[in-house]
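Reproduced below: protein37.cif, with mmCIF, C-alpha atoms.
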```
data_target
loop_
_atom_site.label_atom_id
_atom_site.label_comp_id
_atom_site.auth_asym_id
_atom_site.auth_seq_id
_atom_site.Cartn_x
_atom_site.Cartn_y
_atom_site.Cartn_z
CA ASP A 1 -13.43 23.91 8.94
CA VAL A 2 -16.36 21.96 10.36
CA PRO A 3 -15.31 18.50 11.62
CA VAL A 4 -16.72 15.62 9.60
CA LYS A 5 -18.62 12.93 11.52
CA HIS A 6 -17.41 9.46 10.73
CA ALA A 7 -18.71 5.92 11.24
CA LEU A 8 -22.34 6.84 10.69
CA ARG A 9 -22.91 3.18 9.92
CA THR A 10 -21.55 -0.02 11.39
CA ILE A 11 -18.53 -1.55 9.65
CA PRO A 12 -19.41 -5.13 8.67
CA PRO A 13 -17.29 -8.03 9.95
CA GLY A 14 -14.21 -8.91 7.94
CA LEU A 15 -10.88 -7.46 6.87
CA HIS A 16 -11.03 -3.96 5.37
CA PHE A 17 -7.91 -2.66 3.61
CA VAL A 18 -7.63 1.12 3.91
CA SER A 19 -5.59 3.27 1.53
CA THR A 20 -3.78 6.05 3.38
CA PRO A 21 -2.34 9.39 2.19
CA ILE A 22 1.07 9.68 0.55
CA GLY A 23 2.44 12.79 2.22
CA ALA A 24 -0.70 14.96 2.45
CA ALA A 25 -3.04 13.89 5.27
CA ARG A 26 -6.07 15.46 3.53
CA ASP A 27 -5.77 13.01 0.62
CA ILE A 28 -7.56 10.32 2.63
CA THR A 29 -11.10 9.43 1.54
CA LEU A 30 -14.20 9.85 3.69
CA ARG A 31 -14.89 6.13 3.35
CA ALA A 32 -11.40 5.32 4.68
CA LEU A 33 -12.06 7.58 7.68
CA ASP A 34 -15.40 5.84 8.28
CA VAL A 35 -13.70 2.44 8.27
CA LEU A 36 -10.98 3.62 10.67
CA ALA A 37 -13.59 5.15 12.97
CA GLY A 38 -15.93 2.16 12.94
CA ALA A 39 -13.68 -0.92 12.89
CA ASP A 40 -13.50 -3.11 15.99
CA VAL A 41 -9.75 -3.68 15.58
CA LEU A 42 -7.07 -1.50 13.98
CA VAL A 43 -4.15 -3.18 12.21
CA ALA A 44 -1.19 -1.32 10.75
CA GLU A 45 2.22 -1.78 9.20
CA ASP A 46 3.37 0.84 11.75
CA THR A 47 0.93 1.58 14.58
CA ARG A 48 2.56 4.96 15.32
CA THR A 49 1.91 6.15 11.76
CA LEU A 50 -1.73 5.06 11.88
CA ARG A 51 -2.28 6.58 15.34
CA HIS A 52 -0.85 9.90 14.10
CA LEU A 53 -3.08 9.88 11.00
CA MET A 54 -6.14 9.20 13.14
CA GLU A 55 -5.19 12.02 15.52
CA ILE A 56 -4.94 14.46 12.59
CA HIS A 57 -8.49 13.55 11.55
CA GLY A 58 -9.94 13.48 15.05
CA ILE A 59 -10.60 9.74 15.20
CA PRO A 60 -9.93 8.28 18.66
CA VAL A 61 -8.49 4.80 19.13
CA ALA A 62 -10.91 4.64 22.09
CA GLY A 63 -9.53 1.49 23.66
CA ARG A 64 -9.73 -0.59 20.50
CA PRO A 65 -6.91 -3.07 19.88
CA LEU A 66 -4.15 -1.55 17.72
CA ILE A 67 -2.07 -4.39 16.28
CA ALA A 68 1.16 -4.17 14.26
CA TYR A 69 1.33 -6.43 11.21
CA HIS A 70 4.20 -6.30 8.71
CA ASP A 71 6.52 -8.52 6.67
CA HIS A 72 8.34 -9.77 9.77
CA SER A 73 5.33 -10.43 11.99
CA GLY A 74 5.35 -14.20 11.57
CA GLU A 75 2.57 -16.73 12.02
CA GLY A 76 1.40 -15.72 15.52
CA PRO A 77 -0.14 -12.34 14.64
CA LEU A 78 -1.54 -13.77 11.40
CA HIS A 79 -3.47 -16.49 13.27
CA ARG A 80 -4.64 -13.93 15.83
CA LEU A 81 -6.06 -11.67 13.10
CA LEU A 82 -7.77 -14.59 11.35
CA GLY A 83 -9.30 -15.61 14.67
CA LEU A 84 -10.67 -12.12 15.24
CA ILE A 85 -12.29 -12.07 11.80
CA ALA A 86 -13.74 -15.55 12.39
CA GLU A 87 -15.26 -14.23 15.65
CA GLY A 88 -17.16 -11.62 13.63
CA LYS A 89 -14.90 -8.64 14.29
CA SER A 90 -14.25 -5.90 11.72
CA LEU A 91 -10.56 -5.19 11.14
CA ALA A 92 -9.16 -2.10 9.40
CA TYR A 93 -5.68 -2.67 7.93
CA ALA A 94 -3.56 0.32 6.85
CA SER A 95 -0.05 0.41 5.41
CA ASP A 96 2.27 3.36 6.05
CA ALA A 97 1.28 5.24 2.90
CA GLY A 98 -0.75 4.50 -0.20
CA THR A 99 -2.70 1.41 -1.16
CA PRO A 100 -2.03 -1.70 0.95
CA LEU A 101 -0.14 -4.53 -0.76
CA ILE A 102 1.37 -2.26 -3.44
CA SER A 103 5.03 -2.63 -2.35
CA ASP A 104 3.71 -2.88 1.19
CA PRO A 105 3.21 -5.80 3.59
CA GLY A 106 -0.11 -7.53 4.03
CA PHE A 107 -0.02 -9.99 1.14
CA GLU A 108 0.15 -13.05 3.40
CA LEU A 109 -2.76 -11.69 5.44
CA ALA A 110 -4.89 -11.16 2.31
CA ARG A 111 -4.01 -14.61 1.03
CA ALA A 112 -4.86 -16.25 4.36
CA VAL A 113 -8.20 -14.43 4.65
CA ALA A 114 -9.13 -15.46 1.10
CA ALA A 115 -8.07 -19.09 1.75
CA ALA A 116 -10.20 -19.18 4.89
CA GLY A 117 -13.22 -17.90 2.98
CA LEU A 118 -13.56 -14.90 5.28
CA PRO A 119 -14.96 -11.53 4.11
CA MET A 120 -12.57 -8.89 2.81
CA THR A 121 -13.00 -5.44 1.21
CA ALA A 122 -10.83 -2.48 0.23
CA ALA A 123 -11.46 1.25 0.58
CA PRO A 124 -9.61 2.60 -2.49
CA GLY A 125 -7.52 5.72 -2.38
CA PRO A 126 -4.01 7.07 -2.97
CA CYS A 127 -1.58 4.89 -4.92
CA ALA A 128 1.83 6.25 -5.93
CA ALA A 129 2.05 3.99 -9.00
CA ILE A 130 -1.25 5.21 -10.49
CA CYS A 131 -0.53 8.83 -9.59
CA ALA A 132 2.85 8.61 -11.37
CA LEU A 133 1.23 6.99 -14.41
CA THR A 134 -1.33 9.79 -14.55
CA LEU A 135 1.39 12.48 -14.54
CA SER A 136 3.87 10.69 -16.80
CA GLY A 137 2.35 11.39 -20.21
CA LEU A 138 3.24 7.79 -21.10
CA PRO A 139 0.63 5.36 -22.48
CA SER A 140 -1.77 4.36 -19.71
CA ASP A 141 -3.94 1.86 -21.59
CA ARG A 142 -1.50 -0.95 -20.78
CA PHE A 143 1.04 -0.90 -17.96
CA LEU A 144 2.99 -3.22 -15.67
CA PHE A 145 3.82 -2.44 -12.06
CA ALA A 146 7.20 -4.11 -11.45
CA GLY A 147 7.88 -2.85 -7.91
CA PHE A 148 11.40 -2.33 -6.55
CA PRO A 149 14.33 -3.80 -8.50
CA PRO A 150 16.94 -5.81 -6.56
CA SER A 151 19.78 -3.73 -5.10
CA ALA A 152 22.54 -6.15 -6.24
CA LYS A 153 23.88 -5.14 -9.66
CA GLY A 154 23.66 -8.57 -11.34
CA ALA A 155 20.17 -9.29 -10.02
CA ARG A 156 19.03 -5.82 -11.05
CA ARG A 157 20.26 -6.35 -14.63
CA GLU A 158 18.43 -9.68 -14.78
CA PHE A 159 15.30 -7.98 -13.42
CA LEU A 160 15.46 -5.36 -16.20
CA ALA A 161 16.26 -7.95 -18.88
CA ASP A 162 13.05 -9.80 -17.94
CA LEU A 163 11.10 -6.57 -18.54
CA ALA A 164 12.74 -5.64 -21.85
CA GLY A 165 10.18 -7.46 -23.98
CA VAL A 166 7.11 -6.19 -22.17
CA GLN A 167 4.98 -4.12 -24.56
CA ALA A 168 3.56 -1.77 -21.92
CA THR A 169 4.49 1.20 -19.78
CA LEU A 170 6.69 -0.06 -16.94
CA ILE A 171 6.26 1.35 -13.43
CA ILE A 172 9.33 0.79 -11.28
CA TYR A 173 9.94 2.06 -7.75
CA GLU A 174 13.46 3.04 -6.70
CA SER A 175 15.32 4.79 -3.89
CA PRO A 176 16.69 8.26 -4.79
CA LYS A 177 20.17 7.01 -3.83
CA ARG A 178 20.08 4.27 -6.49
CA LEU A 179 18.15 6.15 -9.18
CA ALA A 180 21.12 7.28 -11.31
CA ALA A 181 22.54 3.75 -11.45
CA LEU A 182 19.14 2.29 -12.31
CA LEU A 183 18.60 4.78 -15.14
CA ALA A 184 22.02 3.99 -16.62
CA GLU A 185 21.25 0.27 -16.54
CA MET A 186 17.80 0.87 -18.04
CA VAL A 187 19.42 2.61 -21.03
CA LEU A 188 21.66 -0.42 -21.58
CA THR A 189 18.92 -3.01 -21.04
CA LEU A 190 15.74 -1.40 -22.30
CA GLY A 191 17.27 0.84 -24.99
CA ALA A 192 18.33 4.46 -25.26
CA ASN A 193 15.24 5.41 -27.29
CA ARG A 194 12.67 4.23 -24.75
CA GLN A 195 10.94 7.16 -23.08
CA ALA A 196 11.15 7.46 -19.30
CA VAL A 197 9.66 9.81 -16.72
CA ILE A 198 10.79 10.27 -13.12
CA CYS A 199 8.07 11.01 -10.56
CA ARG A 200 8.35 11.58 -6.84
CA GLU A 201 5.67 10.11 -4.58
#
```

Kindly present the structure from the file in structure tokens form.
Amino acid sequence: DVPVKHALRTIPPGLHFVSTPIGAARDITLRALDVLAGADVLVAEDTRTLRHLMEIHGIPVAGRPLIAYHDHSGEGPLHRLLGLIAEGKSLAYASDAGTPLISDPGFELARAVAAAGLPMTAAPGPCAAICALTLSGLPSDRFLFAGFPPSAKGARREFLADLAGVQATLIIYESPKRLAALLAEMVLTLGANRQAVICRE
């Protein structure tokens, strides 16, 4: 294979969300690779995961700041990232796998950037929810992504009860260890005749 040259153009200032592969490194888009190659600052849910992905695709960190940002980062890193964007830097943010903010951290960062009126874009790509919907054979014209249900039994039943009246395909994420229990509760709450499909990311 001939290596692909990335970052042929400058990445404009602002926050750029980058969708990353779910399992297969080659599922990344060329635009995502350009953003990772050209951004002034790299931000990741897990910096080790992002560094490894960049190594696979031949993109050097090259002395650029590589900053961890996740659900437990707190206010300090958030203000630092906002300051960098305000200075005119381009930041590439990548979650561990898939599309950022879909059951991944980064929501507070996106909200803060929007509130500050700073520029923000997204390089679309892999998303487990959409991939599962595509393969499911269930109606795709109307769907609701509900994320992960609570692990506590009572809270999980309440979560499902809230979804029972939704007239759309439901997309729910769950751990393999809790899948059997969730399916049993779905039969009780959503009805035994409702079709369901299990997909692995």

Would you mind listing what lies within 9 Å of A:Arg142 as a PyMOL selection string, with all atoms listed in the file counted and same-chain residues fewer than 4 positions away left out?
chain A and resi 167-169

inquiry  = I'd like the neighbourhood of stretch 152-165 of chain A as a ChimeraX atom specification, where a residue qualifies if any of its atoms comes within 12 Å (using all atoms listed in the file), though same-chain residues fewer than 5 positions away should be ignored.
reply    = /A:143-147,170-172,174,178,181-191,194

Selected residue of minimal separation from A:His16 among A:Leu66, A:Ala192, A:Leu84, A:Leu91, counting all atoms listed in the file: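 Using all atoms listed in the file, the shortest distance to A:His16 belongs to A:Leu91.
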
- Message: With 12 Å as the threshold, what does the neighbourhood of (-12.8, 4.3, 2.7) contain in terms of residues, counting only C-alpha atoms? Coordinates are those of the file; answer as JSON, numbers by chain.
- Response: {"A": [6, 7, 11, 16, 17, 18, 19, 20, 21, 27, 28, 29, 30, 31, 32, 33, 34, 35, 36, 37, 38, 39, 92, 93, 94, 99, 121, 122, 123, 124, 125, 126]}

Practice prompt. Point out the residue among A:Glu55, A:Asp96, A:Asp141, A:Glu201 with the least atom-to-atom distance to A:Ala128, counting only C-alpha atoms.
Written response: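 The closest residue to A:Ala128 is A:Glu201.
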
Assuming 6 Å of padding per side, give the centre and edge lengths of the axis-aligned box around every listed atom of stretch 82-91 of chain A, in Å to one decimal and as AutoDock Vina command-line options.
```
--center_x -12.5 --center_y -10.4 --center_z 13.4 --size_x 21.4 --size_y 22.4 --size_z 16.5
```

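Going from atom CA of A:Leu42 to atom CA of A:Arg64 covers 7.1 Å.
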
Answer as a PyMOL selection string, residues within 8 Å of (14.9, 8.8, -12.3) using all atoms listed in the file:
chain A and resi 176+179-180+182-183+197-199

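Of the residues under consideration (A:Leu109, A:Ile56, A:Ser151, A:Ser95), A:Leu109 shows the shortest atom-to-atom contact distance to A:Leu81 when counting all atoms listed in the file.
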
Q. Written as a list in words, which residues does the PyMOL selection byres ((chain A and resi 71) around 12) give for the file shown?
A.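 That expression, the PyMOL selection byres ((chain A and resi 71) around 12), corresponds here to Ala44, Glu45, Asp46, Ala68, Tyr69, His70, His72, Ser73, Gly74, Glu75, Pro77, Leu78, Ser95, Leu101, Ser103, Asp104, Pro105, Gly106, Phe107, Glu108 and Leu109 of chain A.
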
Just write the chosen residues, C-alpha atoms, as a PDB file, in the coordinates of the input.
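What ended up in part_28.pdb:
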```pdb
ATOM      1  CA  ALA A  44      -1.190  -1.320  10.750  1.00  0.00           C
ATOM      2  CA  GLU A  45       2.220  -1.780   9.200  1.00  0.00           C
ATOM      3  CA  ASP A  46       3.370   0.840  11.750  1.00  0.00           C
ATOM      4  CA  ALA A  68       1.160  -4.170  14.260  1.00  0.00           C
ATOM      5  CA  TYR A  69       1.330  -6.430  11.210  1.00  0.00           C
ATOM      6  CA  HIS A  70       4.200  -6.300   8.710  1.00  0.00           C
ATOM      7  CA  HIS A  72       8.340  -9.770   9.770  1.00  0.00           C
ATOM      8  CA  SER A  73       5.330 -10.430  11.990  1.00  0.00           C
ATOM      9  CA  GLY A  74       5.350 -14.200  11.570  1.00  0.00           C
ATOM     10  CA  GLU A  75       2.570 -16.730  12.020  1.00  0.00           C
ATOM     11  CA  PRO A  77      -0.140 -12.340  14.640  1.00  0.00           C
ATOM     12  CA  LEU A  78      -1.540 -13.770  11.400  1.00  0.00           C
ATOM     13  CA  SER A  95      -0.050   0.410   5.410  1.00  0.00           C
ATOM     14  CA  LEU A 101      -0.140  -4.530  -0.760  1.00  0.00           C
ATOM     15  CA  SER A 103       5.030  -2.630  -2.350  1.00  0.00           C
ATOM     16  CA  ASP A 104       3.710  -2.880   1.190  1.00  0.00           C
ATOM     17  CA  PRO A 105       3.210  -5.800   3.590  1.00  0.00           C
ATOM     18  CA  GLY A 106      -0.110  -7.530   4.030  1.00  0.00           C
ATOM     19  CA  PHE A 107      -0.020  -9.990   1.140  1.00  0.00           C
ATOM     20  CA  GLU A 108       0.150 -13.050   3.400  1.00  0.00           C
ATOM     21  CA  LEU A 109      -2.760 -11.690   5.440  1.00  0.00           C
TER      22      LEU A 109
END
```

Which polymer residues have any atom within 9 Å of an atom of A:Pro65, counting only C-alpha atoms, with same-chain residues fewer than 6 positions away left out, as a PyMOL selection string?
-> chain A and resi 40-43

- Item | Distance in Å - atom CA of A:Arg26 versus atom CA of A:Leu138 |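 Atom CA of A:Leu138 lies at a distance of 27.4 Å from atom CA of A:Arg26.
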
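Take the candidates A:Leu15, A:Arg48, A:Arg200, A:Ala129 and check each one against A:Glu87 using all atoms listed in the file; the shortest distance goes to A:Leu15.
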
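Residue nearest A:Gly83 within the list A:His52, A:Ala116, A:Ala132, A:Ser140: A:Ala116 [criterion: smallest interatomic distance, all atoms listed in the file].
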
Pick from A:Pro12, A:Ala97, A:His79, A:Gln195: nearest to A:Gly137, with all atoms listed in the file counted?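 Smallest distance to A:Gly137 is found for A:Gln195.
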
Save stretch 113-124 of chain A from what I just supplied, as a compact mmCIF listing (two decimals), in the first residue's frame, atoms limited to all heavy atoms.
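Result file selection-v4.txt:
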```
# COMPACT_ATOMS: atom_id res chain seq x y z
N VAL A 113 -18.03 25.26 24.42
CA VAL A 113 -17.56 25.89 23.18
C VAL A 113 -18.71 26.63 22.51
O VAL A 113 -18.56 27.76 22.05
CB VAL A 113 -16.93 24.85 22.23
CG1 VAL A 113 -16.66 25.44 20.86
CG2 VAL A 113 -15.63 24.30 22.83
N ALA A 114 -19.89 25.99 22.46
CA ALA A 114 -21.06 26.63 21.86
C ALA A 114 -21.46 27.88 22.65
O ALA A 114 -21.75 28.93 22.06
CB ALA A 114 -22.22 25.64 21.80
N ALA A 115 -21.44 27.79 23.98
CA ALA A 115 -21.83 28.92 24.83
C ALA A 115 -20.88 30.09 24.66
O ALA A 115 -21.28 31.26 24.74
CB ALA A 115 -21.89 28.49 26.29
N ALA A 116 -19.61 29.78 24.40
CA ALA A 116 -18.61 30.84 24.23
C ALA A 116 -18.61 31.41 22.82
O ALA A 116 -17.88 32.36 22.53
CB ALA A 116 -17.22 30.29 24.57
N GLY A 117 -19.41 30.84 21.94
CA GLY A 117 -19.47 31.33 20.56
C GLY A 117 -18.22 31.03 19.76
O GLY A 117 -17.92 31.73 18.79
N LEU A 118 -17.52 29.97 20.14
CA LEU A 118 -16.29 29.60 19.45
C LEU A 118 -16.59 28.60 18.34
O LEU A 118 -17.58 27.86 18.41
CB LEU A 118 -15.29 29.01 20.44
CG LEU A 118 -14.80 29.98 21.52
CD1 LEU A 118 -14.04 29.24 22.62
CD2 LEU A 118 -13.92 31.06 20.91
N PRO A 119 -15.75 28.53 17.31
CA PRO A 119 -16.03 27.63 16.17
C PRO A 119 -15.89 26.15 16.54
O PRO A 119 -15.03 25.78 17.35
CB PRO A 119 -15.00 28.04 15.12
CG PRO A 119 -13.92 28.74 15.87
CD PRO A 119 -14.55 29.34 17.09
N MET A 120 -16.73 25.33 15.91
CA MET A 120 -16.74 23.90 16.21
C MET A 120 -17.24 23.15 14.98
O MET A 120 -18.19 23.58 14.33
CB MET A 120 -17.67 23.67 17.40
CG MET A 120 -17.77 22.28 17.92
SD MET A 120 -18.61 22.17 19.55
CE MET A 120 -20.03 23.26 19.39
N THR A 121 -16.58 22.04 14.63
CA THR A 121 -17.01 21.20 13.51
C THR A 121 -16.90 19.73 13.92
O THR A 121 -16.36 19.41 14.98
CB THR A 121 -16.13 21.41 12.25
OG1 THR A 121 -14.80 20.92 12.53
CG2 THR A 121 -16.06 22.86 11.83
N ALA A 122 -17.40 18.85 13.06
CA ALA A 122 -17.29 17.42 13.31
C ALA A 122 -16.93 16.72 12.00
O ALA A 122 -17.52 17.00 10.96
CB ALA A 122 -18.59 16.86 13.86
N ALA A 123 -15.96 15.82 12.07
CA ALA A 123 -15.62 14.95 10.94
C ALA A 123 -16.38 13.65 11.15
O ALA A 123 -16.02 12.85 12.01
CB ALA A 123 -14.11 14.71 10.88
N PRO A 124 -17.47 13.42 10.41
CA PRO A 124 -18.31 12.25 10.67
C PRO A 124 -17.59 10.95 10.34
O PRO A 124 -16.60 10.94 9.60
CB PRO A 124 -19.51 12.47 9.76
CG PRO A 124 -19.01 13.35 8.67
CD PRO A 124 -17.96 14.22 9.30
```
